[in-house]
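J.: Pasting data-v7.pdb below, which is PDB, C-alpha atoms.
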ATOM      1  CA  MET A   1     121.227  87.324  95.593
ATOM      2  CA  ILE A   2     118.985  86.299  92.751
ATOM      3  CA  LEU A   3     118.412  87.315  89.156
ATOM      4  CA  ALA A   4     115.053  88.659  88.090
ATOM      5  CA  ARG A   5     113.473  90.675  85.313
ATOM      6  CA  VAL A   6     111.443  93.814  85.869
ATOM      7  CA  ALA A   7     107.849  92.909  85.037
ATOM      8  CA  GLY A   8     105.971  95.949  86.326
ATOM      9  CA  ARG A   9     105.409  98.436  89.094
ATOM     10  CA  VAL A  10     103.219  98.649  92.184
ATOM     11  CA  THR A  11     101.765 101.964  93.291
ATOM     12  CA  SER A  12     100.645 102.496  96.848
ATOM     13  CA  THR A  13      99.426 105.608  98.632
ATOM     14  CA  ILE A  14      98.633 104.139 102.029
ATOM     15  CA  HIS A  15     101.560 102.232 103.440
ATOM     16  CA  HIS A  16     103.896 101.863 106.373
ATOM     17  CA  PRO A  17     105.797 105.177 106.892
ATOM     18  CA  SER A  18     109.085 103.502 106.018
ATOM     19  CA  MET A  19     107.850 102.968 102.443
ATOM     20  CA  ASP A  20     107.433 106.690 101.730
ATOM     21  CA  GLY A  21     109.071 107.644  98.446
ATOM     22  CA  ARG A  22     110.247 104.140  97.588
ATOM     23  CA  ALA A  23     109.660 102.676  94.143
ATOM     24  CA  LEU A  24     108.240  99.166  94.168
ATOM     25  CA  LEU A  25     108.930  96.844  91.250
ATOM     26  CA  VAL A  26     107.232  93.589  90.309
ATOM     27  CA  LEU A  27     110.020  91.169  89.401
ATOM     28  CA  ASP A  28     109.875  87.807  87.637
ATOM     29  CA  LYS A  29     112.456  85.413  88.994
ATOM     30  CA  LEU A  30     114.776  83.932  86.361
ATOM     31  CA  GLY A  31     115.930  80.342  86.175
ATOM     32  CA  ALA A  32     119.354  79.041  85.150
ATOM     33  CA  ASP A  33     118.294  79.120  81.489
ATOM     34  CA  GLY A  34     117.531  82.831  81.679
ATOM     35  CA  ARG A  35     113.799  82.297  81.383
ATOM     36  CA  VAL A  36     111.128  83.373  83.803
ATOM     37  CA  SER A  37     110.869  80.517  86.295
ATOM     38  CA  GLY A  38     107.339  81.221  87.464
ATOM     39  CA  GLY A  39     107.957  82.940  90.781
ATOM     40  CA  TYR A  40     107.736  86.656  91.370
ATOM     41  CA  LEU A  41     108.445  89.130  94.109
ATOM     42  CA  ILE A  42     107.955  92.792  94.857
ATOM     43  CA  ALA A  43     111.164  94.654  95.669
ATOM     44  CA  VAL A  44     112.249  98.175  96.512
ATOM     45  CA  ASP A  45     114.268  99.736  93.706
ATOM     46  CA  ALA A  46     117.682 101.028  94.800
ATOM     47  CA  ALA A  47     119.269 100.891  91.340
ATOM     48  CA  GLY A  48     116.890 102.777  89.041
ATOM     49  CA  ALA A  49     115.849  99.743  87.019
ATOM     50  CA  GLY A  50     113.583 100.076  83.991
ATOM     51  CA  PRO A  51     110.982  97.829  82.340
ATOM     52  CA  GLY A  52     112.300  94.515  81.035
ATOM     53  CA  GLN A  53     115.748  94.874  82.548
ATOM     54  CA  VAL A  54     117.499  91.952  84.189
ATOM     55  CA  VAL A  55     118.363  92.925  87.745
ATOM     56  CA  LEU A  56     120.270  91.671  90.745
ATOM     57  CA  VAL A  57     118.035  91.316  93.793
ATOM     58  CA  LEU A  58     119.095  91.088  97.399
ATOM     59  CA  ASP A  59     116.503  89.055  99.310
ATOM     60  CA  GLU A  60     117.713  89.401 102.883
ATOM     61  CA  GLY A  61     116.634  91.886 105.511
ATOM     62  CA  ASN A  62     119.901  92.906 107.165
ATOM     63  CA  GLY A  63     121.569  93.768 103.876
ATOM     64  CA  ALA A  64     118.434  95.561 102.737
ATOM     65  CA  ARG A  65     118.436  97.752 105.832
ATOM     66  CA  GLN A  66     122.125  98.471 105.332
ATOM     67  CA  ILE A  67     121.530  99.631 101.755
ATOM     68  CA  LEU A  68     118.398 101.626 102.438
ATOM     69  CA  GLY A  69     119.725 103.149 105.630
ATOM     70  CA  GLY A  70     117.411 102.278 108.492
ATOM     71  CA  VAL A  71     117.511 100.008 111.497
ATOM     72  CA  ASP A  72     113.825  99.107 111.485
ATOM     73  CA  LEU A  73     112.777  98.962 107.829
ATOM     74  CA  PRO A  74     110.298  96.154 107.117
ATOM     75  CA  ILE A  75     111.945  95.531 103.739
ATOM     76  CA  ARG A  76     113.651  92.332 102.678
ATOM     77  CA  SER A  77     113.916  92.523  98.889
ATOM     78  CA  VAL A  78     115.938  95.261  97.199
ATOM     79  CA  VAL A  79     117.066  95.693  93.606
ATOM     80  CA  VAL A  80     120.788  96.345  94.033
ATOM     81  CA  GLY A  81     122.076  96.151  90.463
ATOM     82  CA  ILE A  82     121.255  96.093  86.775
ATOM     83  CA  VAL A  83     122.785  93.199  84.865
ATOM     84  CA  ASP A  84     124.482  93.989  81.531
ATOM     85  CA  ASP A  85     125.854  90.592  80.697
ATOM     86  CA  ILE A  86     126.249  87.110  82.095
ATOM     87  CA  GLY A  87     129.460  85.573  80.831
TER      88      GLY A  87
ATOM     89  CA  MET B   1     107.148  91.395  99.308
ATOM     90  CA  PHE B   2     104.148  89.850  97.607
ATOM     91  CA  LEU B   3     100.584  90.709  96.718
ATOM     92  CA  GLY B   4      97.646  89.588  98.806
ATOM     93  CA  ARG B   5      93.915  90.067  99.239
ATOM     94  CA  VAL B   6      92.484  90.644 102.693
ATOM     95  CA  ILE B   7      89.719  88.077 103.105
ATOM     96  CA  GLY B   8      88.884  88.622 106.750
ATOM     97  CA  ARG B   9      89.588  90.235 110.087
ATOM     98  CA  LEU B  10      90.629  88.278 113.144
ATOM     99  CA  VAL B  11      89.595  88.795 116.712
ATOM    100  CA  ALA B  12      91.742  87.026 119.293
ATOM    101  CA  ALA B  13      90.804  87.580 122.921
ATOM    102  CA  VAL B  14      93.861  85.820 124.273
ATOM    103  CA  VAL B  15      97.205  86.626 122.692
ATOM    104  CA  THR B  16     100.780  86.283 123.796
ATOM    105  CA  PRO B  17     102.201  89.318 125.659
ATOM    106  CA  GLY B  18     103.294  92.015 123.224
ATOM    107  CA  MET B  19     100.657  91.193 120.637
ATOM    108  CA  GLU B  20      97.826  93.010 122.355
ATOM    109  CA  GLY B  21      96.180  95.589 120.122
ATOM    110  CA  ILE B  22      97.821  94.445 116.898
ATOM    111  CA  PRO B  23      95.187  94.233 114.149
ATOM    112  CA  LEU B  24      95.209  90.793 112.556
ATOM    113  CA  LEU B  25      94.023  90.112 109.032
ATOM    114  CA  TRP B  26      93.375  86.924 107.134
ATOM    115  CA  VAL B  27      95.165  87.224 103.810
ATOM    116  CA  GLN B  28      95.013  85.194 100.610
ATOM    117  CA  PRO B  29      98.357  85.395  98.779
ATOM    118  CA  LEU B  30      98.129  86.279  95.079
ATOM    119  CA  ASP B  31     100.312  85.888  92.020
ATOM    120  CA  LYS B  32     101.401  88.952  90.079
ATOM    121  CA  HIS B  33      98.144  88.886  88.072
ATOM    122  CA  SER B  34      96.232  89.108  91.368
ATOM    123  CA  ARG B  35      95.012  85.500  91.101
ATOM    124  CA  PRO B  36      94.920  83.433  94.309
ATOM    125  CA  SER B  37      98.088  81.399  94.773
ATOM    126  CA  GLY B  38      98.761  79.237  97.822
ATOM    127  CA  ALA B  39      97.214  78.929 101.252
ATOM    128  CA  ALA B  40      95.805  81.855 103.241
ATOM    129  CA  PHE B  41      97.604  83.048 106.385
ATOM    130  CA  VAL B  42      97.249  85.596 109.142
ATOM    131  CA  CYS B  43      99.027  88.935 108.833
ATOM    132  CA  ALA B  44      99.565  91.696 111.344
ATOM    133  CA  ASP B  45      98.428  94.984 109.838
ATOM    134  CA  GLY B  46     101.444  97.297 109.715
ATOM    135  CA  THR B  47      99.321 100.039 108.114
ATOM    136  CA  ARG B  48      96.409  99.741 110.565
ATOM    137  CA  MET B  49      94.197 100.752 107.654
ATOM    138  CA  ALA B  50      93.615  97.556 105.698
ATOM    139  CA  GLY B  51      90.266  95.784 105.664
ATOM    140  CA  PRO B  52      88.466  92.917 103.936
ATOM    141  CA  GLY B  53      88.545  93.076 100.140
ATOM    142  CA  GLU B  54      91.624  95.246 100.028
ATOM    143  CA  LEU B  55      94.548  94.492  97.674
ATOM    144  CA  VAL B  56      97.705  94.737  99.769
ATOM    145  CA  TYR B  57     101.371  93.883  99.711
ATOM    146  CA  TRP B  58     102.825  91.915 102.574
ATOM    147  CA  GLU B  59     106.172  90.881 103.928
ATOM    148  CA  ALA B  60     107.126  87.648 105.647
ATOM    149  CA  SER B  61     109.794  86.646 108.147
ATOM    150  CA  ARG B  62     111.537  88.897 110.675
ATOM    151  CA  GLU B  63     110.921  92.008 108.555
ATOM    152  CA  ALA B  64     107.179  91.621 109.101
ATOM    153  CA  ALA B  65     107.542  92.410 112.808
ATOM    154  CA  LEU B  66     109.438  95.579 111.941
ATOM    155  CA  THR B  67     106.178  97.149 110.720
ATOM    156  CA  LEU B  68     105.063  97.225 114.357
ATOM    157  CA  ASP B  69     106.071  99.326 117.335
ATOM    158  CA  PRO B  70     107.479  97.769 119.462
ATOM    159  CA  SER B  71     108.937  95.509 116.821
ATOM    160  CA  PHE B  72     110.111  92.671 119.088
ATOM    161  CA  VAL B  73     106.857  90.788 118.710
ATOM    162  CA  PRO B  74     106.108  87.245 117.590
ATOM    163  CA  VAL B  75     104.774  88.130 114.144
ATOM    164  CA  ASP B  76     105.903  86.499 110.893
ATOM    165  CA  HIS B  77     103.620  88.062 108.274
ATOM    166  CA  ALA B  78     102.545  91.692 108.012
ATOM    167  CA  VAL B  79     100.718  93.954 105.597
ATOM    168  CA  VAL B  80     103.109  96.752 104.625
ATOM    169  CA  GLY B  81     100.877  98.771 102.303
ATOM    170  CA  LEU B  82      97.650  98.996 100.356
ATOM    171  CA  VAL B  83      97.991  98.618  96.592
ATOM    172  CA  ASN B  84      96.491 101.290  94.338
ATOM    173  CA  ASP B  85      97.543  99.660  91.108
ATOM    174  CA  VAL B  86      99.794  96.956  89.680
ATOM    175  CA  GLN B  87     101.069  97.874  86.228
ATOM    176  CA  LEU B  88     102.514  94.879  84.391
ATOM    177  CA  ASP B  89     104.683  95.199  81.282
ATOM    178  CA  GLU B  90     104.251  92.912  78.295
ATOM    179  CA  GLU B  91     106.133  89.683  78.860
ATOM    180  CA  PRO B  92     109.123  89.341  76.543
ATOM    181  CA  ALA B  93     109.556  85.924  74.913
ATOM    182  CA  ASP B  94     113.323  86.003  74.863
ATOM    183  CA  ARG B  95     115.802  85.054  77.529
ATOM    184  CA  TRP B  96     118.042  87.479  79.286
ATOM    185  CA  PRO B  97     119.480  89.969  76.824
ATOM    186  CA  ALA B  98     122.994  88.647  76.515
ATOM    187  CA  ALA B  99     123.241  85.126  77.862
ATOM    188  CA  SER B 100     126.556  83.615  76.893
ATOM    189  CA  ALA B 101     126.952  80.578  74.693
ATOM    190  CA  ALA B 102     128.211  78.667  77.720
ATOM    191  CA  VAL B 103     125.061  79.400  79.715
ATOM    192  CA  ARG B 104     122.869  78.494  76.763
ATOM    193  CA  ALA B 105     124.772  75.262  76.134
ATOM    194  CA  ALA B 106     124.710  74.287  79.792
ATOM    195  CA  THR B 107     120.970  74.767  80.052
ATOM    196  CA  ALA B 108     119.920  73.712  76.533
ATOM    197  CA  GLY B 109     118.024  70.681  77.809
ATOM    198  CA  ALA B 110     116.114  72.714  80.367
ATOM    199  CA  SER B 111     114.162  74.851  77.905
ATOM    200  CA  PRO B 112     111.419  73.734  75.509
ATOM    201  CA  ALA B 113     112.591  73.004  71.954
ATOM    202  CA  SER B 114     109.837  75.167  70.474
ATOM    203  CA  ALA B 115     111.133  78.268  72.185
ATOM    204  CA  PRO B 116     112.691  80.790  69.826
ATOM    205  CA  ALA B 117     116.433  81.263  70.048
ATOM    206  CA  PRO B 118     117.398  84.636  71.455
ATOM    207  CA  ALA B 119     118.522  87.187  68.891
ATOM    208  CA  PRO B 120     122.210  87.954  69.191
ATOM    209  CA  ALA B 121     122.254  91.173  71.124
ATOM    210  CA  PRO B 122     124.805  93.802  70.183
ATOM    211  CA  ARG B 123     127.368  93.871  72.934
ATOM    212  CA  ARG B 124     129.790  96.558  73.824
ATOM    213  CA  ARG B 125     132.947  95.265  75.344
ATOM    214  CA  ARG B 126     135.766  97.232  76.806
ATOM    215  CA  LYS B 127     138.998  96.418  75.036
ATOM    216  CA  PRO B 128     141.921  95.868  77.362
TER     217      PRO B 128
END
Using C-alpha cells, write down the structure that the file contains.

T.:
Amino acid sequence: MILARVAGRVTSTIHHPSMDGRALLVLDKLGADGRVSGGYLIAVDAAGAGPGQVVLVLDEGNGARQILGGVDLPIRSVVVGIVDDIG
Amino acid sequence: MFLGRVIGRLVAAVVTPGMEGIPLLWVQPLDKHSRPSGAAFVCADGTRMAGPGELVYWEASREAALTLDPSFVPVDHAVVGLVNDVQLDEEPADRWPAASAAVRAATAGASPASAPAPAPAPRRRRKP
C-alpha cells in the first residue's frame, strides 16, 4: 500500500458499467518526507476521503476486487483508509 | 488509473485470436493537470465510446483486460471511462498533517531547506 494525499476528483458519465456509482479521487503520491513526490494516480474511494486528507491506497487488483466485491472489476487502485497520524 | 487523451484510432486487420472486434485507441498519457506526460501507447476501449480528442481515464496491467468480455484477452491497457471534469484542490504547502519528529528527523536532508516547517498540528491521543 502507498500513502497519498487527496488532490481532487474526477467526474465521468460514460464509463465501464463496473464504475457506476463509484467516486474517483485524484491522489498525489507522498514521499518518505511527507511531501508530494510528483506522481499521481486516480483511485476509487472506499473510505470516504475528503480534500487534502492523507490516505492509504491499495494499488493491487486482487485486493481491490475483494474490497469492492466483484470478480471482474477493472479497478486496481482503491483508497482503503484515512491516515490520522504517522508515528 | 490515470488520465489520457485519445490521439488516434487503430485499425489492425490481423490480430491474435480473442482480440477480434476490440476497438483500439492510441492514447497519450497525461499528468493530473492534463499535460502530456510520457510515451503514447495503445489502449483497448472498454467503453466502446471513446474517440480522438477525448479526455479519458485508463487502467494498465491485468485489470485492463477485465474491461472486456471475454476478459481473458492479451490486453494490457484499456480505457475505463470518459472524463467530464477533473476538479483539483489547491495544493497545500505543508507536509502530512502530523508527521512525527522521528520521520522529520530521518528525512530532514531530503527536503529543500527553504520549505516552511509544518505547523504543529493539534493531536488527540487516547490515554491508556

J.: The PyMOL selection byres ((chain A and resi 19-33) around 9) - which residues does that actually catch in the file I just gave you? List them as a JSON list (two decimals) with C-alpha atoms, keeping the file's coordinate frame.

T.:
[["chain", "number", "residue", "atom", "x", "y", "z"],
["A", 2, "ILE", "CA", 118.98, 86.30, 92.75],
["A", 3, "LEU", "CA", 118.41, 87.32, 89.16],
["A", 4, "ALA", "CA", 115.05, 88.66, 88.09],
["A", 5, "ARG", "CA", 113.47, 90.68, 85.31],
["A", 6, "VAL", "CA", 111.44, 93.81, 85.87],
["A", 7, "ALA", "CA", 107.85, 92.91, 85.04],
["A", 8, "GLY", "CA", 105.97, 95.95, 86.33],
["A", 9, "ARG", "CA", 105.41, 98.44, 89.09],
["A", 10, "VAL", "CA", 103.22, 98.65, 92.18],
["A", 11, "THR", "CA", 101.76, 101.96, 93.29],
["A", 12, "SER", "CA", 100.64, 102.50, 96.85],
["A", 13, "THR", "CA", 99.43, 105.61, 98.63],
["A", 15, "HIS", "CA", 101.56, 102.23, 103.44],
["A", 16, "HIS", "CA", 103.90, 101.86, 106.37],
["A", 17, "PRO", "CA", 105.80, 105.18, 106.89],
["A", 18, "SER", "CA", 109.08, 103.50, 106.02],
["A", 34, "GLY", "CA", 117.53, 82.83, 81.68],
["A", 35, "ARG", "CA", 113.80, 82.30, 81.38],
["A", 36, "VAL", "CA", 111.13, 83.37, 83.80],
["A", 37, "SER", "CA", 110.87, 80.52, 86.30],
["A", 38, "GLY", "CA", 107.34, 81.22, 87.46],
["A", 39, "GLY", "CA", 107.96, 82.94, 90.78],
["A", 40, "TYR", "CA", 107.74, 86.66, 91.37],
["A", 41, "LEU", "CA", 108.44, 89.13, 94.11],
["A", 42, "ILE", "CA", 107.96, 92.79, 94.86],
["A", 43, "ALA", "CA", 111.16, 94.65, 95.67],
["A", 44, "VAL", "CA", 112.25, 98.18, 96.51],
["A", 45, "ASP", "CA", 114.27, 99.74, 93.71],
["A", 46, "ALA", "CA", 117.68, 101.03, 94.80],
["A", 48, "GLY", "CA", 116.89, 102.78, 89.04],
["A", 49, "ALA", "CA", 115.85, 99.74, 87.02],
["A", 54, "VAL", "CA", 117.50, 91.95, 84.19],
["A", 55, "VAL", "CA", 118.36, 92.92, 87.74],
["A", 73, "LEU", "CA", 112.78, 98.96, 107.83],
["A", 74, "PRO", "CA", 110.30, 96.15, 107.12],
["A", 75, "ILE", "CA", 111.94, 95.53, 103.74],
["A", 79, "VAL", "CA", 117.07, 95.69, 93.61],
["B", 2, "PHE", "CA", 104.15, 89.85, 97.61],
["B", 32, "LYS", "CA", 101.40, 88.95, 90.08],
["B", 80, "VAL", "CA", 103.11, 96.75, 104.62],
["B", 81, "GLY", "CA", 100.88, 98.77, 102.30],
["B", 86, "VAL", "CA", 99.79, 96.96, 89.68],
["B", 87, "GLN", "CA", 101.07, 97.87, 86.23],
["B", 88, "LEU", "CA", 102.51, 94.88, 84.39],
["B", 95, "ARG", "CA", 115.80, 85.05, 77.53],
["B", 96, "TRP", "CA", 118.04, 87.48, 79.29],
["B", 99, "ALA", "CA", 123.24, 85.13, 77.86],
["B", 103, "VAL", "CA", 125.06, 79.40, 79.72],
["B", 104, "ARG", "CA", 122.87, 78.49, 76.76],
["B", 106, "ALA", "CA", 124.71, 74.29, 79.79],
["B", 107, "THR", "CA", 120.97, 74.77, 80.05],
["B", 108, "ALA", "CA", 119.92, 73.71, 76.53],
["B", 110, "ALA", "CA", 116.11, 72.71, 80.37],
["B", 111, "SER", "CA", 114.16, 74.85, 77.90]]

J.: Take the PyMOL selection byres ((chain B and resi 17) around 12), apply it to the structure above, and return the hits as a list in words.

T.: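 When the PyMOL selection byres ((chain B and resi 17) around 12) is applied, the selected residues are Ala13, Val14, Val15, Thr16, Gly18, Met19, Glu20, Gly21, Ile22, Pro70, Phe72, Val73, Pro74 and Val75 of chain B.
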
J.: Give the answer as one residue: which of B:Val56, B:Asp69, B:Thr47, B:Leu25 has the shortest atom-to-atom distance to chain A, using only C-alpha atoms?

T.: B:Thr47

J.: I'd like the residues picked by the PyMOL selection byres ((chain B and resi 44) around 12) written out as JSON, numbers by chain, using the chain letters and numbers from the file.

T.: {"B": [6, 9, 10, 11, 19, 20, 21, 22, 23, 24, 25, 26, 27, 41, 42, 43, 45, 46, 47, 48, 49, 50, 51, 57, 58, 59, 60, 61, 63, 64, 65, 66, 67, 68, 69, 71, 73, 74, 75, 76, 77, 78, 79, 80, 81]}

J.: Which residue is closest to B:Val83? Choose from A:Val78, A:Ile86, A:Ile14, A:Met1 and count only C-alpha atoms.

T.: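 Among A:Val78, A:Ile86, A:Ile14, A:Met1, it is A:Ile14 that comes nearest to B:Val83.
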
J.: Atom CA of A:Leu56 and atom CA of A:Gly81 are how many Å apart?

T.: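 Atom-to-atom, atom CA of A:Leu56 to atom CA of A:Gly81, that is 4.8 Å.
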
J.: From the options B:Ile7, B:Leu82, B:Ala39, B:Met1, which residue's atoms come nearest to B:Gly53, counting all atoms listed in the file?

T.: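 That would be B:Ile7, the residue with the smallest distance to B:Gly53.
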
J.: What's the separation between atom CA of A:Arg76 and atom CA of B:Leu30, in Å to one decimal place?

T.: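 Result for atom CA of A:Arg76 versus atom CA of B:Leu30: 18.3 Å, one decimal.
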
J.: Taking all atoms of stretch 37-47 of chain A that the file lists and extending 3 Å past them on each side, where is the centre of the axis-aligned box and how long are its edges? Answer in Å to one decimal, as lines of an AutoDock Vina configuration file.

T.:
center_x = 113.3
center_y = 90.8
center_z = 91.4
size_x = 17.9
size_y = 26.5
size_z = 16.2

J.: Please measure the separation of atom CA of B:Ser34 and atom CA of A:Ala64, giving the value in Å to one decimal.

T.: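 Those two atoms sit 25.8 Å apart.
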
J.: Can you work out which one of A:Val71, A:Ile82, A:Gly87, A:Gln53 has the shortest atom-to-atom distance to chain B, counting all atoms listed in the file?

T.: A:Gly87

J.: Which is closest to chain A among B:Pro52, B:Pro36, B:Asp31, B:Gly8, if we use all atoms listed in the file?

T.: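 Smallest separation from chain A among the options: B:Asp31.
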
J.: Can you take stretch 30-52 of chain B from the block and write N, CA and C atoms as an mmCIF file, in the first residue's frame?

T.:
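And here's out.cif as it stands now:
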data_model
loop_
_atom_site.group_PDB
_atom_site.id
_atom_site.type_symbol
_atom_site.label_atom_id
_atom_site.label_comp_id
_atom_site.auth_asym_id
_atom_site.auth_seq_id
_atom_site.Cartn_x
_atom_site.Cartn_y
_atom_site.Cartn_z
ATOM 1 N N LEU B 30 -1.409 11.554 -19.586
ATOM 2 C CA LEU B 30 -1.364 12.942 -19.119
ATOM 3 C C LEU B 30 -1.057 12.977 -17.631
ATOM 4 N N ASP B 31 -0.522 14.121 -17.175
ATOM 5 C CA ASP B 31 -0.403 14.307 -15.730
ATOM 6 C C ASP B 31 -1.743 14.816 -15.204
ATOM 7 N N LYS B 32 -1.791 15.117 -13.907
ATOM 8 C CA LYS B 32 -3.097 15.457 -13.329
ATOM 9 C C LYS B 32 -3.614 16.808 -13.824
ATOM 10 N N HIS B 33 -2.722 17.627 -14.398
ATOM 11 C CA HIS B 33 -3.153 18.907 -14.982
ATOM 12 C C HIS B 33 -3.507 18.753 -16.458
ATOM 13 N N SER B 34 -3.615 17.519 -16.909
ATOM 14 C CA SER B 34 -3.944 17.189 -18.297
ATOM 15 C C SER B 34 -2.861 17.626 -19.276
ATOM 16 N N ARG B 35 -1.612 17.666 -18.820
ATOM 17 C CA ARG B 35 -0.479 17.943 -19.712
ATOM 18 C C ARG B 35 0.158 16.621 -20.115
ATOM 19 N N PRO B 36 0.591 16.484 -21.371
ATOM 20 C CA PRO B 36 1.193 15.227 -21.808
ATOM 21 C C PRO B 36 2.375 14.827 -20.926
ATOM 22 N N SER B 37 2.455 13.535 -20.616
ATOM 23 C CA SER B 37 3.488 13.042 -19.722
ATOM 24 C C SER B 37 3.810 11.602 -20.105
ATOM 25 N N GLY B 38 4.947 11.395 -20.739
ATOM 26 C CA GLY B 38 5.353 10.040 -21.110
ATOM 27 C C GLY B 38 4.964 9.693 -22.537
ATOM 28 N N ALA B 39 5.280 8.453 -22.895
ATOM 29 C CA ALA B 39 5.110 7.992 -24.273
ATOM 30 C C ALA B 39 3.698 7.452 -24.498
ATOM 31 N N ALA B 40 3.187 7.676 -25.705
ATOM 32 C CA ALA B 40 1.846 7.197 -26.067
ATOM 33 C C ALA B 40 1.835 5.679 -26.174
ATOM 34 N N PHE B 41 0.652 5.081 -25.966
ATOM 35 C CA PHE B 41 0.506 3.626 -26.065
ATOM 36 C C PHE B 41 -0.874 3.315 -26.625
ATOM 37 N N VAL B 42 -1.080 2.039 -26.881
ATOM 38 C CA VAL B 42 -2.357 1.600 -27.448
ATOM 39 C C VAL B 42 -3.221 1.005 -26.339
ATOM 40 N N CYS B 43 -4.461 1.451 -26.313
ATOM 41 C CA CYS B 43 -5.433 1.015 -25.303
ATOM 42 C C CYS B 43 -6.583 0.298 -25.991
ATOM 43 N N ALA B 44 -7.071 -0.767 -25.392
ATOM 44 C CA ALA B 44 -8.385 -1.282 -25.778
ATOM 45 C C ALA B 44 -9.428 -0.310 -25.229
ATOM 46 N N ASP B 45 -10.545 -0.203 -25.902
ATOM 47 C CA ASP B 45 -11.586 0.720 -25.429
ATOM 48 C C ASP B 45 -12.667 -0.061 -24.676
ATOM 49 N N GLY B 46 -12.569 -0.016 -23.338
ATOM 50 C CA GLY B 46 -13.537 -0.731 -22.505
ATOM 51 C C GLY B 46 -14.908 -0.085 -22.510
ATOM 52 N N THR B 47 -14.999 1.172 -22.955
ATOM 53 C CA THR B 47 -16.292 1.866 -23.009
ATOM 54 C C THR B 47 -16.958 1.701 -24.368
ATOM 55 N N ARG B 48 -16.144 1.446 -25.381
ATOM 56 C CA ARG B 48 -16.581 1.382 -26.785
ATOM 57 C C ARG B 48 -17.206 2.684 -27.249
ATOM 58 N N MET B 49 -16.909 3.769 -26.557
ATOM 59 C CA MET B 49 -17.490 5.061 -26.924
ATOM 60 C C MET B 49 -16.454 6.168 -27.032
ATOM 61 N N ALA B 50 -15.202 5.864 -26.805
ATOM 62 C CA ALA B 50 -14.174 6.901 -26.846
ATOM 63 C C ALA B 50 -13.709 7.132 -28.281
ATOM 64 N N GLY B 51 -13.275 8.345 -28.556
ATOM 65 C CA GLY B 51 -12.776 8.684 -29.882
ATOM 66 C C GLY B 51 -11.689 9.731 -29.779
ATOM 67 N N PRO B 52 -11.043 10.049 -30.909
ATOM 68 C CA PRO B 52 -9.941 11.006 -30.891
ATOM 69 C C PRO B 52 -10.346 12.345 -30.259
#
